[in-house]
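Undergrad: Sharing work-v9.cif (mmCIF, N, CA and C atoms) below.
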data_data
#
loop_
_atom_site.label_atom_id
_atom_site.label_comp_id
_atom_site.auth_asym_id
_atom_site.auth_seq_id
_atom_site.Cartn_x
_atom_site.Cartn_y
_atom_site.Cartn_z
N MET A 74 116.93 -14.09 -90.90
CA MET A 74 117.33 -12.77 -90.49
C MET A 74 117.52 -12.71 -88.98
N ASN A 75 118.20 -13.67 -88.44
CA ASN A 75 118.45 -13.73 -87.00
C ASN A 75 119.58 -12.82 -86.58
N ASP A 76 120.50 -12.54 -87.49
CA ASP A 76 121.66 -11.72 -87.19
C ASP A 76 121.27 -10.24 -87.25
N LYS A 77 121.56 -9.50 -86.17
CA LYS A 77 121.21 -8.08 -86.14
C LYS A 77 121.92 -7.28 -87.22
N SER A 78 123.07 -7.76 -87.69
CA SER A 78 123.79 -7.03 -88.73
C SER A 78 123.06 -7.06 -90.07
N GLU A 79 122.05 -7.92 -90.18
CA GLU A 79 121.29 -8.00 -91.43
C GLU A 79 120.01 -7.17 -91.40
N ILE A 80 119.60 -6.71 -90.23
CA ILE A 80 118.40 -5.89 -90.14
C ILE A 80 118.75 -4.46 -90.51
N ILE A 81 118.08 -3.94 -91.53
CA ILE A 81 118.37 -2.57 -91.99
C ILE A 81 117.79 -1.59 -90.97
N PRO A 82 118.63 -0.73 -90.40
CA PRO A 82 118.11 0.27 -89.44
C PRO A 82 117.08 1.18 -90.12
N GLN A 83 116.10 1.60 -89.35
CA GLN A 83 114.98 2.36 -89.90
C GLN A 83 115.38 3.67 -90.57
N VAL A 84 116.29 4.43 -89.97
CA VAL A 84 116.66 5.72 -90.54
C VAL A 84 117.35 5.56 -91.89
N PRO A 85 118.38 4.71 -92.00
CA PRO A 85 118.97 4.52 -93.34
C PRO A 85 117.98 3.95 -94.35
N LEU A 86 117.08 3.08 -93.89
CA LEU A 86 116.08 2.52 -94.78
C LEU A 86 115.18 3.62 -95.32
N PHE A 87 114.68 4.48 -94.43
CA PHE A 87 113.80 5.57 -94.85
C PHE A 87 114.53 6.56 -95.74
N LEU A 88 115.70 7.02 -95.29
CA LEU A 88 116.45 8.02 -96.06
C LEU A 88 116.91 7.46 -97.40
N GLY A 89 117.32 6.20 -97.41
CA GLY A 89 117.75 5.58 -98.66
C GLY A 89 116.64 5.57 -99.69
N TRP A 90 115.46 5.09 -99.29
CA TRP A 90 114.35 5.03 -100.24
C TRP A 90 113.81 6.42 -100.57
N ALA A 91 113.88 7.35 -99.62
CA ALA A 91 113.49 8.73 -99.92
C ALA A 91 114.44 9.31 -100.98
N GLY A 92 115.69 8.86 -100.95
CA GLY A 92 116.66 9.31 -101.93
C GLY A 92 116.41 8.79 -103.33
N VAL A 93 115.58 7.80 -103.47
CA VAL A 93 115.23 7.28 -104.80
C VAL A 93 114.12 8.14 -105.43
N ILE A 94 113.37 8.83 -104.60
CA ILE A 94 112.25 9.64 -105.10
C ILE A 94 112.68 10.65 -106.17
N PRO A 95 113.78 11.41 -105.98
CA PRO A 95 114.17 12.34 -107.06
C PRO A 95 114.47 11.66 -108.39
N PHE A 96 114.96 10.43 -108.36
CA PHE A 96 115.15 9.69 -109.61
C PHE A 96 113.79 9.48 -110.29
N GLY A 97 112.79 9.09 -109.50
CA GLY A 97 111.46 8.88 -110.05
C GLY A 97 110.84 10.15 -110.58
N ILE A 98 110.99 11.25 -109.84
CA ILE A 98 110.45 12.55 -110.30
C ILE A 98 111.12 12.96 -111.60
N ALA A 99 112.43 12.78 -111.67
CA ALA A 99 113.17 13.13 -112.89
C ALA A 99 112.68 12.28 -114.07
N ALA A 100 112.46 10.99 -113.84
CA ALA A 100 111.98 10.12 -114.91
C ALA A 100 110.59 10.54 -115.37
N ILE A 101 109.73 10.89 -114.43
CA ILE A 101 108.38 11.36 -114.81
C ILE A 101 108.48 12.63 -115.64
N GLY A 102 109.32 13.56 -115.18
CA GLY A 102 109.51 14.79 -115.95
C GLY A 102 110.04 14.52 -117.34
N ALA A 103 111.00 13.61 -117.43
CA ALA A 103 111.60 13.28 -118.73
C ALA A 103 110.58 12.70 -119.70
N HIS A 104 109.56 12.02 -119.17
CA HIS A 104 108.53 11.40 -120.00
C HIS A 104 107.26 12.25 -120.10
N SER A 105 107.27 13.44 -119.55
CA SER A 105 106.04 14.25 -119.47
C SER A 105 105.57 14.78 -120.82
N GLY A 106 106.48 14.93 -121.76
CA GLY A 106 106.10 15.51 -123.04
C GLY A 106 106.06 17.04 -123.01
N ILE A 107 106.28 17.62 -121.85
CA ILE A 107 106.32 19.08 -121.70
C ILE A 107 107.79 19.48 -121.73
N SER A 108 108.18 20.21 -122.77
CA SER A 108 109.60 20.41 -123.06
C SER A 108 110.41 20.89 -121.86
N VAL A 109 109.90 21.82 -121.09
CA VAL A 109 110.67 22.32 -119.95
C VAL A 109 110.81 21.25 -118.87
N LEU A 110 109.78 20.44 -118.67
CA LEU A 110 109.85 19.35 -117.68
C LEU A 110 110.77 18.23 -118.17
N VAL A 111 110.76 17.98 -119.47
CA VAL A 111 111.67 16.98 -120.04
C VAL A 111 113.10 17.42 -119.79
N LEU A 112 113.38 18.71 -120.06
CA LEU A 112 114.73 19.24 -119.86
C LEU A 112 115.14 19.16 -118.39
N TYR A 113 114.27 19.63 -117.50
CA TYR A 113 114.58 19.56 -116.07
C TYR A 113 114.71 18.11 -115.60
N GLY A 114 113.88 17.24 -116.10
CA GLY A 114 113.95 15.84 -115.72
C GLY A 114 115.28 15.21 -116.11
N LEU A 115 115.68 15.44 -117.34
CA LEU A 115 116.93 14.83 -117.82
C LEU A 115 118.16 15.46 -117.18
N LEU A 116 118.20 16.78 -117.15
CA LEU A 116 119.37 17.45 -116.55
C LEU A 116 119.38 17.28 -115.03
N GLY A 117 118.22 17.45 -114.42
CA GLY A 117 118.14 17.29 -112.97
C GLY A 117 118.40 15.87 -112.54
N GLY A 118 117.87 14.92 -113.30
CA GLY A 118 118.05 13.51 -112.95
C GLY A 118 119.50 13.07 -113.07
N THR A 119 120.18 13.51 -114.12
CA THR A 119 121.58 13.11 -114.29
C THR A 119 122.48 13.84 -113.30
N THR A 120 122.15 15.07 -112.98
CA THR A 120 122.94 15.80 -111.98
C THR A 120 122.76 15.15 -110.61
N TYR A 121 121.53 14.81 -110.27
CA TYR A 121 121.27 14.13 -109.00
C TYR A 121 122.00 12.78 -108.96
N ALA A 122 121.98 12.06 -110.07
CA ALA A 122 122.66 10.77 -110.12
C ALA A 122 124.16 10.94 -109.87
N ALA A 123 124.74 12.00 -110.39
CA ALA A 123 126.17 12.27 -110.16
C ALA A 123 126.43 12.58 -108.69
N ILE A 124 125.54 13.34 -108.07
CA ILE A 124 125.70 13.67 -106.65
C ILE A 124 125.62 12.42 -105.80
N ILE A 125 124.68 11.55 -106.09
CA ILE A 125 124.53 10.32 -105.32
C ILE A 125 125.74 9.41 -105.50
N LEU A 126 126.29 9.35 -106.71
CA LEU A 126 127.51 8.58 -106.91
C LEU A 126 128.64 9.10 -106.03
N SER A 127 128.73 10.42 -105.91
CA SER A 127 129.74 11.02 -105.03
C SER A 127 129.54 10.56 -103.60
N PHE A 128 128.30 10.53 -103.18
CA PHE A 128 127.98 10.07 -101.82
C PHE A 128 128.39 8.61 -101.62
N LEU A 129 128.13 7.78 -102.63
CA LEU A 129 128.48 6.36 -102.50
C LEU A 129 129.98 6.16 -102.31
N GLY A 130 130.77 6.97 -102.97
CA GLY A 130 132.21 6.91 -102.75
C GLY A 130 132.60 7.43 -101.39
N ALA A 131 131.95 8.50 -100.97
CA ALA A 131 132.28 9.14 -99.68
C ALA A 131 132.06 8.20 -98.51
N VAL A 132 131.14 7.28 -98.65
CA VAL A 132 130.92 6.27 -97.60
C VAL A 132 132.24 5.57 -97.29
N HIS A 133 133.00 5.27 -98.32
CA HIS A 133 134.26 4.54 -98.13
C HIS A 133 135.34 5.43 -97.51
N TRP A 134 135.30 6.72 -97.76
CA TRP A 134 136.23 7.63 -97.09
C TRP A 134 136.00 7.57 -95.59
N GLY A 135 134.74 7.67 -95.20
CA GLY A 135 134.41 7.60 -93.78
C GLY A 135 134.82 6.29 -93.15
N LEU A 136 134.57 5.19 -93.83
CA LEU A 136 134.96 3.89 -93.30
C LEU A 136 136.47 3.74 -93.22
N ALA A 137 137.17 4.27 -94.22
CA ALA A 137 138.64 4.18 -94.21
C ALA A 137 139.22 4.98 -93.05
N MET A 138 138.65 6.14 -92.76
CA MET A 138 139.12 6.94 -91.62
C MET A 138 138.87 6.22 -90.31
N GLN A 139 137.71 5.62 -90.21
CA GLN A 139 137.31 4.95 -88.97
C GLN A 139 138.18 3.74 -88.68
N ASP A 140 138.49 2.97 -89.71
CA ASP A 140 139.18 1.69 -89.52
C ASP A 140 140.65 1.71 -89.95
N ASN A 141 141.16 2.88 -90.35
CA ASN A 141 142.54 2.98 -90.81
C ASN A 141 142.82 1.95 -91.91
N ARG A 142 142.00 1.97 -92.93
CA ARG A 142 142.10 0.99 -94.02
C ARG A 142 143.23 1.34 -94.99
N HIS A 143 143.48 0.41 -95.87
CA HIS A 143 144.49 0.57 -96.91
C HIS A 143 144.18 1.82 -97.73
N THR A 144 145.23 2.48 -98.22
CA THR A 144 145.04 3.72 -98.98
C THR A 144 144.20 3.52 -100.24
N ALA A 145 144.13 2.30 -100.74
CA ALA A 145 143.30 2.04 -101.93
C ALA A 145 141.84 2.42 -101.67
N TRP A 146 141.38 2.29 -100.43
CA TRP A 146 139.99 2.64 -100.12
C TRP A 146 139.79 4.15 -100.19
N TYR A 147 140.80 4.92 -99.81
CA TYR A 147 140.71 6.39 -99.96
C TYR A 147 140.66 6.76 -101.44
N ILE A 148 141.49 6.09 -102.23
CA ILE A 148 141.50 6.37 -103.66
C ILE A 148 140.14 6.03 -104.27
N TRP A 149 139.61 4.85 -103.91
CA TRP A 149 138.29 4.50 -104.42
C TRP A 149 137.24 5.53 -103.97
N SER A 150 137.35 6.01 -102.75
CA SER A 150 136.31 6.88 -102.19
C SER A 150 136.12 8.16 -102.99
N ILE A 151 137.14 8.63 -103.69
CA ILE A 151 136.98 9.84 -104.50
C ILE A 151 136.71 9.53 -105.97
N THR A 152 136.93 8.28 -106.36
CA THR A 152 136.76 7.90 -107.76
C THR A 152 135.34 8.09 -108.27
N PRO A 153 134.29 7.67 -107.54
CA PRO A 153 132.94 7.90 -108.07
C PRO A 153 132.63 9.39 -108.28
N ALA A 154 133.11 10.25 -107.40
CA ALA A 154 132.87 11.69 -107.56
C ALA A 154 133.55 12.22 -108.82
N LEU A 155 134.78 11.79 -109.05
CA LEU A 155 135.50 12.26 -110.24
C LEU A 155 134.85 11.75 -111.52
N LEU A 156 134.46 10.48 -111.52
CA LEU A 156 133.80 9.93 -112.70
C LEU A 156 132.42 10.56 -112.91
N ALA A 157 131.70 10.79 -111.83
CA ALA A 157 130.38 11.43 -111.94
C ALA A 157 130.52 12.85 -112.48
N TRP A 158 131.51 13.57 -111.99
CA TRP A 158 131.76 14.93 -112.47
C TRP A 158 132.05 14.90 -113.97
N ALA A 159 132.84 13.94 -114.40
CA ALA A 159 133.17 13.82 -115.83
C ALA A 159 131.91 13.60 -116.66
N THR A 160 130.95 12.84 -116.14
CA THR A 160 129.72 12.62 -116.91
C THR A 160 128.94 13.91 -117.09
N LEU A 161 129.05 14.82 -116.13
CA LEU A 161 128.33 16.10 -116.23
C LEU A 161 128.92 17.01 -117.30
N LEU A 162 130.13 16.70 -117.75
CA LEU A 162 130.76 17.47 -118.82
C LEU A 162 130.29 17.01 -120.20
N VAL A 163 129.54 15.91 -120.23
CA VAL A 163 128.98 15.38 -121.48
C VAL A 163 127.64 16.08 -121.71
N PHE A 164 127.54 16.83 -122.80
CA PHE A 164 126.33 17.61 -123.05
C PHE A 164 125.20 16.78 -123.64
N ASP A 165 125.52 15.69 -124.30
CA ASP A 165 124.49 14.80 -124.84
C ASP A 165 123.92 13.99 -123.67
N VAL A 166 122.67 14.26 -123.34
CA VAL A 166 122.08 13.64 -122.15
C VAL A 166 121.99 12.13 -122.28
N GLU A 167 121.74 11.62 -123.46
CA GLU A 167 121.69 10.17 -123.64
C GLU A 167 123.05 9.54 -123.32
N LEU A 168 124.12 10.16 -123.81
CA LEU A 168 125.46 9.65 -123.50
C LEU A 168 125.77 9.80 -122.01
N ARG A 169 125.28 10.87 -121.43
CA ARG A 169 125.46 11.08 -119.99
C ARG A 169 124.81 9.93 -119.22
N LEU A 170 123.59 9.60 -119.60
CA LEU A 170 122.89 8.48 -118.95
C LEU A 170 123.61 7.16 -119.19
N LEU A 171 124.08 6.96 -120.41
CA LEU A 171 124.79 5.72 -120.73
C LEU A 171 126.13 5.64 -120.00
N SER A 172 126.63 6.76 -119.54
CA SER A 172 127.85 6.77 -118.72
C SER A 172 127.54 6.53 -117.26
N LEU A 173 126.46 7.11 -116.77
CA LEU A 173 126.12 7.00 -115.35
C LEU A 173 125.68 5.60 -114.96
N ILE A 174 124.90 4.96 -115.79
CA ILE A 174 124.33 3.65 -115.43
C ILE A 174 125.42 2.63 -115.10
N PRO A 175 126.44 2.46 -115.95
CA PRO A 175 127.48 1.49 -115.56
C PRO A 175 128.29 1.93 -114.33
N LEU A 176 128.36 3.23 -114.08
CA LEU A 176 129.07 3.69 -112.88
C LEU A 176 128.33 3.24 -111.62
N TYR A 177 127.00 3.19 -111.68
CA TYR A 177 126.24 2.66 -110.55
C TYR A 177 126.55 1.18 -110.36
N GLY A 178 126.70 0.47 -111.47
CA GLY A 178 127.09 -0.95 -111.38
C GLY A 178 128.48 -1.11 -110.79
N LEU A 179 129.40 -0.25 -111.19
CA LEU A 179 130.75 -0.30 -110.66
C LEU A 179 130.76 -0.02 -109.16
N ALA A 180 130.04 1.02 -108.74
CA ALA A 180 130.00 1.35 -107.31
C ALA A 180 129.37 0.20 -106.51
N TRP A 181 128.32 -0.40 -107.05
CA TRP A 181 127.70 -1.55 -106.38
C TRP A 181 128.71 -2.69 -106.28
N SER A 182 129.44 -2.93 -107.36
CA SER A 182 130.41 -4.02 -107.39
C SER A 182 131.52 -3.82 -106.35
N VAL A 183 132.00 -2.61 -106.21
CA VAL A 183 133.03 -2.33 -105.20
C VAL A 183 132.45 -2.53 -103.80
N ASP A 184 131.22 -2.06 -103.59
CA ASP A 184 130.57 -2.28 -102.30
C ASP A 184 130.41 -3.77 -102.03
N ARG A 185 130.08 -4.52 -103.04
CA ARG A 185 129.91 -5.97 -102.89
C ARG A 185 131.24 -6.60 -102.47
N GLN A 186 132.33 -6.18 -103.10
CA GLN A 186 133.65 -6.70 -102.72
C GLN A 186 133.98 -6.32 -101.28
N ALA A 187 133.65 -5.10 -100.89
CA ALA A 187 133.88 -4.67 -99.51
C ALA A 187 133.06 -5.51 -98.54
N PHE A 188 131.83 -5.81 -98.93
CA PHE A 188 130.98 -6.65 -98.10
C PHE A 188 131.57 -8.05 -97.95
N LEU A 189 132.01 -8.62 -99.05
CA LEU A 189 132.58 -9.98 -99.02
C LEU A 189 133.84 -10.04 -98.16
N LYS A 190 134.54 -8.92 -98.04
CA LYS A 190 135.73 -8.85 -97.19
C LYS A 190 135.39 -8.47 -95.75
N GLY A 191 134.10 -8.30 -95.47
CA GLY A 191 133.67 -7.96 -94.12
C GLY A 191 133.90 -6.51 -93.75
N LEU A 192 134.02 -5.64 -94.76
CA LEU A 192 134.32 -4.23 -94.51
C LEU A 192 133.08 -3.35 -94.37
N ILE A 193 131.95 -3.84 -94.80
CA ILE A 193 130.69 -3.11 -94.62
C ILE A 193 129.64 -4.09 -94.09
N PRO A 194 128.67 -3.57 -93.34
CA PRO A 194 127.68 -4.48 -92.75
C PRO A 194 126.73 -5.08 -93.79
N ALA A 195 126.22 -6.23 -93.47
CA ALA A 195 125.29 -6.93 -94.36
C ALA A 195 124.05 -6.08 -94.66
N TRP A 196 123.57 -5.36 -93.66
CA TRP A 196 122.36 -4.55 -93.89
C TRP A 196 122.61 -3.48 -94.94
N TYR A 197 123.81 -2.91 -94.96
CA TYR A 197 124.13 -1.87 -95.94
C TYR A 197 124.08 -2.46 -97.36
N MET A 198 124.65 -3.64 -97.51
CA MET A 198 124.65 -4.26 -98.83
C MET A 198 123.23 -4.61 -99.25
N ARG A 199 122.43 -5.11 -98.34
CA ARG A 199 121.03 -5.42 -98.66
C ARG A 199 120.30 -4.16 -99.12
N LEU A 200 120.54 -3.05 -98.44
CA LEU A 200 119.91 -1.79 -98.81
C LEU A 200 120.40 -1.33 -100.18
N ARG A 201 121.69 -1.47 -100.41
CA ARG A 201 122.28 -1.05 -101.69
C ARG A 201 121.69 -1.81 -102.88
N HIS A 202 121.36 -3.09 -102.69
CA HIS A 202 120.77 -3.85 -103.79
C HIS A 202 119.53 -3.13 -104.32
N GLY A 203 118.60 -2.85 -103.44
CA GLY A 203 117.34 -2.23 -103.86
C GLY A 203 117.52 -0.80 -104.34
N LEU A 204 118.32 -0.03 -103.64
CA LEU A 204 118.50 1.37 -104.02
C LEU A 204 119.20 1.49 -105.37
N THR A 205 120.20 0.66 -105.59
CA THR A 205 120.90 0.69 -106.87
C THR A 205 119.96 0.27 -107.99
N ALA A 206 119.18 -0.76 -107.75
CA ALA A 206 118.20 -1.20 -108.76
C ALA A 206 117.23 -0.07 -109.08
N GLY A 207 116.72 0.60 -108.06
CA GLY A 207 115.80 1.70 -108.28
C GLY A 207 116.43 2.82 -109.10
N ALA A 208 117.63 3.21 -108.74
CA ALA A 208 118.32 4.28 -109.47
C ALA A 208 118.56 3.88 -110.92
N VAL A 209 119.04 2.67 -111.13
CA VAL A 209 119.36 2.22 -112.49
C VAL A 209 118.09 2.09 -113.33
N ILE A 210 117.02 1.62 -112.75
CA ILE A 210 115.75 1.50 -113.49
C ILE A 210 115.26 2.87 -113.93
N PHE A 211 115.27 3.84 -113.02
CA PHE A 211 114.81 5.18 -113.38
C PHE A 211 115.74 5.84 -114.40
N LEU A 212 117.05 5.69 -114.21
CA LEU A 212 117.98 6.25 -115.20
C LEU A 212 117.80 5.60 -116.56
N SER A 213 117.61 4.29 -116.57
CA SER A 213 117.38 3.58 -117.84
C SER A 213 116.11 4.05 -118.51
N SER A 214 115.08 4.29 -117.72
CA SER A 214 113.82 4.76 -118.31
C SER A 214 113.97 6.14 -118.95
N MET A 215 114.89 6.94 -118.41
CA MET A 215 115.10 8.28 -118.98
C MET A 215 115.71 8.20 -120.37
N ILE A 216 116.46 7.15 -120.66
CA ILE A 216 117.02 7.00 -122.00
C ILE A 216 115.91 6.91 -123.03
N LEU A 217 114.78 6.35 -122.65
CA LEU A 217 113.65 6.16 -123.57
C LEU A 217 112.83 7.43 -123.76
N ALA A 218 113.14 8.47 -123.00
CA ALA A 218 112.35 9.72 -123.10
C ALA A 218 112.71 10.48 -124.37
#
Would you mind writing the file out in structure tokens?

TA:
Amino acid sequence: MNDKSEIIPQVPLFLGWAGVIPFGIAAIGAHSGISVLVLYGLLGGTTYAAIILSFLGAVHWGLAMQDNRHTAWYIWSITPALLAWATLLVFDVELRLLSLIPLYGLAWSVDRQAFLKGLIPAWYMRLRHGLTAGAVIFLSSMILA
């Protein structure tokens, strides 16, 4: 870890992991056995997951504006928000979860491709590995509720 581009800055590190907390709270609620908490956990957790997917796409909008990137990056930047919104139209929460989980994999995969092309810093990709794993683990656990 000699390269400064690989050291995760403290603020993104803190905020990123703080952003995983609502996934954990939602999963706990979903498994609580208390019907109102189960409902809030599942609906709140999937809604939060959709919001975070929107944020993951928006990162690329900002980068595209900064670096005058190819228009494909602008198109990608809104795609997670549109797909996340579509998942919220699914009333069956299990299907909603089964839709959101692969979208997190897709967003990670696009970020990985951007990283391999040198379009995002190494520290961001390192952070994304853990945050995506955390989100997917908590969303997966909600399926079992």

Undergrad: On this structure, which residues satisfy the PyMOL selection byres ((chain A and resi 217) around 8), written as a PyMOL selection string?

TA: chain A and resi 103-104+167+212-216+218

Undergrad: Tell me which of A:Phe96, A:Asp184, A:Leu136, A:Thr144 sits closest to A:Tyr121, counting only N, CA and C atoms.

TA: A:Phe96

Undergrad: Atom C of A:Pro175 and atom CA of A:Gly114 are how many Å apart?

TA: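 About the pair atom C of A:Pro175 and atom CA of A:Gly114: they are 20.0 Å apart.
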
Undergrad: In Å, rounded to a single decimal, give me how far atom CA of A:Ile98 is from atom C of A:Leu110.

TA: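 Rounded to one decimal, the two atoms are 9.7 Å apart.
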
Undergrad: Could you check the closest approach to A:Gly102 for each of A:Leu170, A:Leu116, A:Val84, A:Ala145 and tell me which residue wins, using only C-alpha atoms?

TA: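 Using only C-alpha atoms, A:Gly102 sits closest to A:Leu116.
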
Undergrad: Can you tell me how far atom C of A:Thr205 sits from atom C of A:Ile174, in Å to one decimal?

TA: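 Value for the atom C of A:Thr205-atom C of A:Ile174 distance: 9.3 Å.
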
Undergrad: For A:Val163, which residue among A:Ala99, A:Thr119, A:Tyr147, A:Trp181 is the nearest when counting only C-alpha atoms?

TA: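 That would be A:Thr119, the residue with the smallest distance to A:Val163.
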
Undergrad: Kindly indicate which residue among A:Tyr113, A:Asn141, A:Ser105, A:Ala157 lies nearest to A:Leu176, using only N, CA and C atoms for the distances.

TA: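 Among the listed residues, the smallest separation from A:Leu176 belongs to A:Ala157.
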
Undergrad: Got a sec to check which residues sit within 8 Å of (130.5, 3.1, -108.4), counting all atoms listed in the file, and write them as a ChimeraX atom specification?

TA: /A:126-127,129-130,152-154,175-184

Undergrad: Which residue is closest to A:Trp134? Choose from A:Ile151, A:Ala122, A:Leu204, A:Leu173 and count only N, CA and C atoms.

TA: A:Ile151

Undergrad: Skip stretch 195-200 of chain A itself and residues of its chain fewer than 4 positions away, then list as a count of residues only all residues within 10 Å of it, counting only C-alpha atoms.

TA: 20

Undergrad: For A:Ala123, which of A:His202, A:Arg169, A:His143, A:Lys190 is the closest residue, counting only C-alpha atoms?

TA: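 Selected residue with least distance to A:Ala123: A:Arg169.
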
Undergrad: Might you pull out every residue within 9 Å of A:Thr120, with only C-alpha atoms counted and same-chain residues fewer than 6 positions away left off, and present them as a list in words?

TA: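 Using only C-alpha atoms, the neighbours found are Ala157, Trp158, Thr160 and Leu161 of chain A.
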
Undergrad: Pull the alpha helix (DSSP H) assignments for stretch 97-202 of chain A out of DSSP run on the backbone, and list those residues as a PyMOL selection string.

TA: chain A and resi 97-103+108-140+144-161+166-189+195-202

Undergrad: Complete stretch 186-193 of chain A at the level of all heavy atoms, written as a PDB file, keeping the file's coordinate frame.

TA:
ATOM      1  N   GLN A 186     132.330  -6.180-103.100  1.00  0.00           N
ATOM      2  CA  GLN A 186     133.650  -6.700-102.720  1.00  0.00           C
ATOM      3  C   GLN A 186     133.980  -6.320-101.280  1.00  0.00           C
ATOM      4  O   GLN A 186     134.530  -7.142-100.529  1.00  0.00           O
ATOM      5  CB  GLN A 186     134.726  -6.191-103.674  1.00  0.00           C
ATOM      6  CG  GLN A 186     134.620  -6.765-105.073  1.00  0.00           C
ATOM      7  CD  GLN A 186     134.616  -8.284-105.074  1.00  0.00           C
ATOM      8  OE1 GLN A 186     135.480  -8.923-104.479  1.00  0.00           O
ATOM      9  NE2 GLN A 186     133.617  -8.877-105.711  1.00  0.00           N
ATOM     10  N   ALA A 187     133.650  -5.100-100.890  1.00  0.00           N
ATOM     11  CA  ALA A 187     133.880  -4.670 -99.510  1.00  0.00           C
ATOM     12  C   ALA A 187     133.060  -5.510 -98.540  1.00  0.00           C
ATOM     13  O   ALA A 187     133.546  -5.915 -97.480  1.00  0.00           O
ATOM     14  CB  ALA A 187     133.546  -3.184 -99.347  1.00  0.00           C
ATOM     15  N   PHE A 188     131.830  -5.810 -98.930  1.00  0.00           N
ATOM     16  CA  PHE A 188     130.980  -6.650 -98.100  1.00  0.00           C
ATOM     17  C   PHE A 188     131.570  -8.050 -97.950  1.00  0.00           C
ATOM     18  O   PHE A 188     131.639  -8.606 -96.843  1.00  0.00           O
ATOM     19  CB  PHE A 188     129.564  -6.732 -98.695  1.00  0.00           C
ATOM     20  CG  PHE A 188     128.734  -7.834 -98.119  1.00  0.00           C
ATOM     21  CD1 PHE A 188     128.272  -7.768 -96.811  1.00  0.00           C
ATOM     22  CD2 PHE A 188     128.437  -8.955 -98.882  1.00  0.00           C
ATOM     23  CE1 PHE A 188     127.516  -8.806 -96.277  1.00  0.00           C
ATOM     24  CE2 PHE A 188     127.677  -9.989 -98.347  1.00  0.00           C
ATOM     25  CZ  PHE A 188     127.222  -9.915 -97.045  1.00  0.00           C
ATOM     26  N   LEU A 189     132.010  -8.620 -99.050  1.00  0.00           N
ATOM     27  CA  LEU A 189     132.580  -9.980 -99.020  1.00  0.00           C
ATOM     28  C   LEU A 189     133.840 -10.040 -98.160  1.00  0.00           C
ATOM     29  O   LEU A 189     134.156 -11.090 -97.597  1.00  0.00           O
ATOM     30  CB  LEU A 189     132.873 -10.469-100.440  1.00  0.00           C
ATOM     31  CG  LEU A 189     131.637 -10.725-101.308  1.00  0.00           C
ATOM     32  CD1 LEU A 189     132.047 -11.057-102.741  1.00  0.00           C
ATOM     33  CD2 LEU A 189     130.753 -11.810-100.717  1.00  0.00           C
ATOM     34  N   LYS A 190     134.540  -8.920 -98.040  1.00  0.00           N
ATOM     35  CA  LYS A 190     135.730  -8.850 -97.190  1.00  0.00           C
ATOM     36  C   LYS A 190     135.390  -8.470 -95.750  1.00  0.00           C
ATOM     37  O   LYS A 190     136.283  -8.304 -94.929  1.00  0.00           O
ATOM     38  CB  LYS A 190     136.721  -7.835 -97.768  1.00  0.00           C
ATOM     39  CG  LYS A 190     137.307  -8.264 -99.086  1.00  0.00           C
ATOM     40  CD  LYS A 190     138.237  -7.212 -99.642  1.00  0.00           C
ATOM     41  CE  LYS A 190     138.764  -7.699-100.992  1.00  0.00           C
ATOM     42  NZ  LYS A 190     139.758  -6.791-101.542  1.00  0.00           N
ATOM     43  N   GLY A 191     134.100  -8.300 -95.470  1.00  0.00           N
ATOM     44  CA  GLY A 191     133.670  -7.960 -94.120  1.00  0.00           C
ATOM     45  C   GLY A 191     133.900  -6.510 -93.750  1.00  0.00           C
ATOM     46  O   GLY A 191     133.931  -6.152 -92.568  1.00  0.00           O
ATOM     47  N   LEU A 192     134.020  -5.640 -94.760  1.00  0.00           N
ATOM     48  CA  LEU A 192     134.320  -4.230 -94.510  1.00  0.00           C
ATOM     49  C   LEU A 192     133.080  -3.350 -94.370  1.00  0.00           C
ATOM     50  O   LEU A 192     133.192  -2.206 -93.924  1.00  0.00           O
ATOM     51  CB  LEU A 192     135.229  -3.685 -95.617  1.00  0.00           C
ATOM     52  CG  LEU A 192     136.585  -4.379 -95.742  1.00  0.00           C
ATOM     53  CD1 LEU A 192     137.342  -3.854 -96.959  1.00  0.00           C
ATOM     54  CD2 LEU A 192     137.397  -4.211 -94.464  1.00  0.00           C
ATOM     55  N   ILE A 193     131.950  -3.840 -94.800  1.00  0.00           N
ATOM     56  CA  ILE A 193     130.690  -3.110 -94.620  1.00  0.00           C
ATOM     57  C   ILE A 193     129.640  -4.090 -94.090  1.00  0.00           C
ATOM     58  O   ILE A 193     129.715  -5.285 -94.363  1.00  0.00           O
ATOM     59  CB  ILE A 193     130.190  -2.408 -95.918  1.00  0.00           C
ATOM     60  CG1 ILE A 193     129.977  -3.401 -97.050  1.00  0.00           C
ATOM     61  CG2 ILE A 193     131.127  -1.304 -96.329  1.00  0.00           C
ATOM     62  CD1 ILE A 193     129.380  -2.787 -98.300  1.00  0.00           C
TER      63      ILE A 193
END
